[in-house]
Amino acid sequence: MANTDLALMGHLMRRAGFGATRDELEAYAARGYENVVDDLLNPEKFPPVEEDLIQRYYDSKENPILAAGVWIYRMVNTKRHLEEKMSLFWHQVFATSQFKVKHTRSLVAQIKMFRSFGLSDMRTLLTELSGDPAMIFFLDNHTNLKEEPNENYGRELLELFSMGVGNYSEEDIKMAARAFTGWTVSQPIPVYPQGGHPAEFVYREEEHDDSVKTFLGETGRFNGGDIVDIVARQPATAKFVSRHLYNYFVADEPQVSSWHDMPPHDPGAIDALSEAYTDSGGDIRAIMRVLLNSDFFKEARFKKVKSPAELVAGIMKLVGTHKTPEAGITEYSTATAVMGQELLNPPTVEGWHTGKEWIDGGILGERVNFAADQVGDVTKPGVRSMVDRISASGSSLSPDETVVACLDVLGPVQPGDETRAALLRHATSAGTLRFDSEKEREKSSAQIVRMFQLVVASREFQFA
Amino acid sequence: MARPYALLRAGFPFLKTIGMRRWNNFPTDVALGNEGRIYILCRSEQGLVQIARLTWDDRNLEPICMGRGSEDGQFTWPVNVLVDRDEHLLVSDEALHRITLVDRDGGFISKWGEQGDGDGQFDRPSGIVFDADENVYVADSMNHRIQKYTKNGEFLHQWGSYGDGDGELNMPWGVTIDELGDVYVVDWRNDRIQKFTTDGEFVFSLGRSGSGDGEFDRPTGVAVDQDGDIYVCDYGNNRVQLFSAEGRYVEQFIGDATLSKPARDYMMTNPEPNRMREMTKLEPGKRLRSPKSVRVDDLGKMYIPDYDSFRVQVYQKEAIHLTPDQIAPPLRSPHLLG
């Protein structure tokens with residue numbers, strides 16, 4: 001099987017999912033790139049994660065760290081890879097935070113909504129988002145009332161969730177806010193003394209400003225749904241959403257706050273995605289089909305810094321743990337939080353700062369230590385499997401062959417010259433690995449595991 | 001006492017709510033001690049694992065904080081708790097694959113079990129129950145079987161294998177024994193209850209997947225009272241269902257909780273939640289949410305650890321034993337007039 005097929009497939013699964021083991025990559029490569037893309041875009045072909053197991057072992061709807069851990073479990077185990085990746089993407093774009101919402105049930109429900117509608121269309125997504133209890137509370141729309149409008153949601157809808165700065169006026173914000181008056185939530189039973197209850201969207205007509213409004217040049221007695229309709233068909237929305245998708249799935253762009261001033265790295269790619277948006281009426285699946293099949297995507301290997309969730313979930317997939325619920329899942333949500341990504345709790349409504357801002361000196365240490373600890377444990381089934389695979393490739397392995405085999409099974413990872421030279425120096429110091437006797441096999445296995453640790457500690461492994 | 005010939009079922013009213021948030025978060029099982037002591041096994045993915053110790057008259061005797069881990073006396077994923085004749089507590093742990101005995105203050109006494117599929121080994125042990133001799137039956141869930149031990153952990157017997165046929169199991173959860181020694185197993189992933197003799201011979205199966213009467217959605221617990229009535233904790237349907245000894249559906253319990261006394265006391269100093277309660281429908285607050293087990297005592301009380309609502313709901317059975325001259329023989333066809 002051509003390595004280029006595998007390398008490309010590894011790239012696809014890192015970006016459209018959370019990575020894959022070598023065995024999985026071989027199966028995908030045999031299926032063919034276009035078919036795998038089609039599978040990714042049609043997640044309903046595959047069974048969902050087994051909910052009954054999650055409820056049996058991880059049942060807690062009030063603990064945000066556990067809820068985040070359960071989400072990582074889903075990332076590791078889902079067969080609907082892109083569906084899950086899109087839920088993480090929309091969590092970044094439509095950032096809603098536990099620090100203010102303080103209602104884990106609502107945040108979990110929001111992620112479930114992203115999972116359900118993440119590959120639908122912008123109009124549907126923005127409608128769902130506008131009626132989402134966590135979002136309503138996060139951006140104060142429950143206090144957006146006819147006589148006392150609150151512009152928070154209206155502003156962020158235009159600035160961060162659809163068109164971007166420079167494509168609307170302050171008056172448009174005011175009109176959007178007035179259109180969303182009355183879009184609120186039901187009062188749930190309070191958390192004390194006997195547990196939280198879900199909140200639900202409620203439309204209070206008596207709190208709605210039904211006056212005539214002019215928004216983006218159109219005039220009418222607009223309600224929130226009308227604002228969504230108008231926004232969803234704007235060319236600015238096509239461009240903004242396309243740039244978000246490019247930034248997340250193709251290559252790191254500058255932070256969103258500078259998009260008004262800094263053009264995209266690849267304007268042609270953004271134009272292609274925008275065209276797909278316009279031609280399809282904002283259908284995310286259609287845009288992603290263009291993106292995943294494009295040359296600009298295929299050529300963008302290792303051009304994105306892995307987010308902490310991608311790093312952690314990807315490592316967990318490699319080492320083969322948590323294929324059924326196991327104790328300690330919160331260790332992994334705590335790990336992503338320490339690395340700068342506390343799931344369900346982005347720092348602001350802009351989401352996390354991504355790309356190279358995922359990494360600073362301290363965080364790099366956390367990322368490297370986590371990865372090295374995981375792949376350094378040969379009792380983990382995936383590590384054992386990778387070692388056995390390499391051990392079975394012959395009765396001995398030269399230093400060069402050892403490096404190639406380890407890079408291959410962990411990605412494939414494409415190191416630069418400096419990293420490759422360092423790996424080769426280490427492999428040379430260990431000498432040729434032999435597998436003729438039990439003793440030699442054991443010694444060689446230890447050397448392979450050390451090589452795994454060096455690979456995941458490399459600069460290149462931080463990139464997807 | 002022999003089972004009654006028949007029952008006049010007069011009612012099964014709600015009796016009491018026990019506990020509240022902070023006292024007993026995420027109650028997964030309950031066991032009754034002497035002198036009104038109630039042990040509530042609490043499970044949580046973070047923080048302390050604990051057994052809350054409350055009393056029938058709403059006193060908090062302070063929890064036993066077990067500590068999360070694998071050292072002696074620690075727990076990670078506790079499932080069920082039993083009280084023995086000495087009021088020691090037996091706890092199953094499905095992450096540590098072992099059974100632990102502690103005294104009523106949490107002092108470690110003994111433990112047994114290790115992970116595996118051989119005799120005397122476990123893979124996620126969940127439900128446990130004493131028989132009349134204080135032997136222990138264990139639902140060995142990932143091995144899809146029931147194992148029997150002495151209280152000291154000496155292996156005696158096992159039965160079961162993976163499947164959905166009669167006598168086969170799929171990740172069993174709760175287990176109980178009636179006064180005649182028959183064993184009832186919650187066959188979790190088959191959405192049914194199976195009854196066996198004490199040696200594991202299949203007797204009957206009860207239930208199927210669904211949400212209707214007599215149907216289950218991932219049932220978790222089972223209890224049998226002195227009349228032979230069978231109680232099934234139907235987790236996915238947020239209810240407990242009651243069946244006769246023959247497996248006939250009788251009625252269901254969806255939760256009728258009030259605020260417990262400590263909850264009321266707590267709320268008297270919390271104006272904002274009090275206002276929030278005045279702004280919303282309170283009916284959902286009564287209902288069972290993700291109940292994990294069901295227990296019955298000799299006085300006809302049914303205890304349901306109401307997992308998502310941090311409390312135990314208690315109902316009281318009101319039934320009168322009937323003799324053969326007090327109830328007509330079984331009718332072949334229904335009658336409209338009575």
# chains A, B, ... in the order shown; residues from 1 in each chain; ligands from 1

call {"tool": "closest_atom_pairs", "arguments": {"of": "chain A", "to": "chain B", "cutoff": "9 Å", "atoms": "only C-alpha atoms", "output": "tab-separated table"}}
result
residue	atom	partner	partner_atom	distance
A:Asp52	CA	B:Arg218	CA	7.6
A:Arg56	CA	B:Arg218	CA	8.9
A:Tyr57	CA	B:Trp77	CA	8.3
A:Tyr58	CA	B:Glu45	CA	7.5
A:Asp59	CA	B:Ser290	CA	8.7
A:Ser60	CA	B:Asp308	CA	7.7
A:Lys61	CA	B:Asp308	CA	7.9
A:Glu62	CA	B:Asp308	CA	8.8
A:Asn63	CA	B:Glu45	CA	8.5
A:Ile65	CA	B:Gln46	CA	8.5
A:Leu66	CA	B:Glu45	CA	6.7
A:Ser186	CA	B:Thr280	CA	7.5
A:Gln187	CA	B:Thr280	CA	5.5
A:Pro188	CA	B:Thr280	CA	6.3
A:Ile189	CA	B:Arg277	CA	5.9
A:Pro190	CA	B:Pro273	CA	5.8
A:Val191	CA	B:Pro273	CA	8.0
A:Tyr192	CA	B:Arg21	CA	6.7
A:Pro193	CA	B:Arg21	CA	5.4
A:Gln194	CA	B:Ser309	CA	4.8
A:Gly195	CA	B:Ser309	CA	4.8
A:Gly196	CA	B:Ser309	CA	7.7
A:His197	CA	B:Gly285	CA	8.1
A:Glu326	CA	B:Ala95	CA	7.3
A:Ala327	CA	B:Ala95	CA	6.4
A:Gly328	CA	B:Glu45	CA	7.4
A:Ile329	CA	B:Glu45	CA	8.3
A:Thr330	CA	B:Glu45	CA	7.4

call {"tool": "residues_around", "arguments": {"residues": "Val240 of chain B", "least_positions_apart": "4", "cutoff": "7 Å", "atoms": "only C-alpha atoms", "output": "PDB file with C-alpha atoms, in the first residue's frame"}}
result
ATOM      1  CA  TYR B 231     -39.720  -4.378  42.179  1.00  0.00           C
ATOM      2  CA  VAL B 232     -37.640  -3.368  39.195  1.00  0.00           C
ATOM      3  CA  CYS B 233     -35.684  -0.135  39.003  1.00  0.00           C
ATOM      4  CA  ASP B 234     -36.233   0.926  35.399  1.00  0.00           C
ATOM      5  CA  GLN B 252     -45.321   1.844  38.592  1.00  0.00           C
ATOM      6  CA  PHE B 253     -43.764   4.629  40.596  1.00  0.00           C
ATOM      7  CA  ILE B 254     -42.507   7.728  38.849  1.00  0.00           C
TER       8      ILE B 254
END

call {"tool": "closest_residue", "arguments": {"among": "B:Asp199, B:Asp298, B:Asp93, B:Asp166", "to": "Phe75 of chain B", "atoms": "only C-alpha atoms"}}
result
B:Asp93

call {"tool": "atom_distance", "arguments": {"atom1": "atom CA of Phe130 of chain B", "atom2": "atom CA of Val185 of chain B"}}
result
13.4 Å

call {"tool": "residues_around", "arguments": {"residues": "Leu6 of chain A", "least_positions_apart": "3", "cutoff": "10 Å", "atoms": "only C-alpha atoms", "output": "PyMOL selection string"}}
result
chain A and resi 1-3+9-12+22+25-30+33+408+411-412

call {"tool": "residues_around", "arguments": {"residues": "Val456 of chain A", "least_positions_apart": "3", "cutoff": "9 Å", "atoms": "only C-alpha atoms", "output": "JSON, numbers by chain"}}
result
{"A": [368, 371, 372, 375, 410, 451, 452, 453, 459, 460, 461, 462]}

call {"tool": "write_last_selection", "arguments": {"atoms": "C-alpha atoms", "output": "short mmCIF file (atom, residue, chain, number, x, y, z; two decimals), in the first residue's frame"}}
result
data_model
loop_
_atom_site.label_atom_id
_atom_site.label_comp_id
_atom_site.auth_asym_id
_atom_site.auth_seq_id
_atom_site.Cartn_x
_atom_site.Cartn_y
_atom_site.Cartn_z
CA VAL A 368 5.04 16.72 25.71
CA ALA A 371 2.07 12.40 25.26
CA ALA A 372 5.32 10.82 26.39
CA VAL A 375 3.00 6.24 24.76
CA LEU A 410 2.56 7.12 15.12
CA MET A 451 11.62 6.12 20.39
CA PHE A 452 7.84 6.60 20.60
CA GLN A 453 8.39 9.03 23.42
CA ARG A 459 8.19 19.79 17.53
CA GLU A 460 6.54 18.19 14.52
CA PHE A 461 4.20 16.06 16.61
CA GLN A 462 2.54 19.23 17.89
#

call {"tool": "select_by_dssp", "arguments": {"residues": "segment 124-203 of chain B", "states": "helix (DSSP H, G or I)", "output": "JSON, numbers by chain"}}
result
{"B": [141, 142, 143, 188, 189, 190]}

call {"tool": "write_last_selection", "arguments": {"atoms": "C-alpha atoms", "output": "tab-separated table (two decimals), in the first residue's frame"}}
result
chain	number	residue	atom	x	y	z
B	141	SER	CA	-21.19	-7.79	34.78
B	142	MET	CA	-18.50	-7.93	32.09
B	143	ASN	CA	-18.16	-11.67	32.57
B	188	TRP	CA	-29.20	-4.91	32.04
B	189	ARG	CA	-28.45	-4.91	28.36
B	190	ASN	CA	-31.20	-7.41	27.60

call {"tool": "closest_residue", "arguments": {"among": "A:Ile136, A:Val387, A:Ile54, A:Ala405", "to": "Val449 of chain A", "atoms": "only C-alpha atoms"}}
result
A:Val387

call {"tool": "residues_around", "arguments": {"residues": "Thr432 of chain A", "least_positions_apart": "6", "cutoff": "7 Å", "atoms": "only C-alpha atoms", "output": "CSV table (one decimal) with C-alpha atoms, in the first residue's frame"}}
result
chain,number,residue,atom,x,y,z
A,396,SER,CA,16.1,-7.2,13.3
A,397,LEU,CA,15.8,-3.5,12.6
A,398,SER,CA,18.6,-1.1,11.8
A,399,PRO,CA,18.6,2.3,13.5

call {"tool": "residues_around", "arguments": {"residues": "Val404 of chain A", "least_positions_apart": "2", "cutoff": "10 Å", "atoms": "only C-alpha atoms", "output": "ChimeraX atom specification"}}
result
/A:398-402,406-409,412-414,420,423-424

call {"tool": "residues_around", "arguments": {"residues": "Leu126 of chain A", "least_positions_apart": "5", "cutoff": "10 Å", "atoms": "only C-alpha atoms", "output": "ChimeraX atom specification"}}
result
/A:94,117,121,131-132,157,161-162,224-225,227-229,231-232
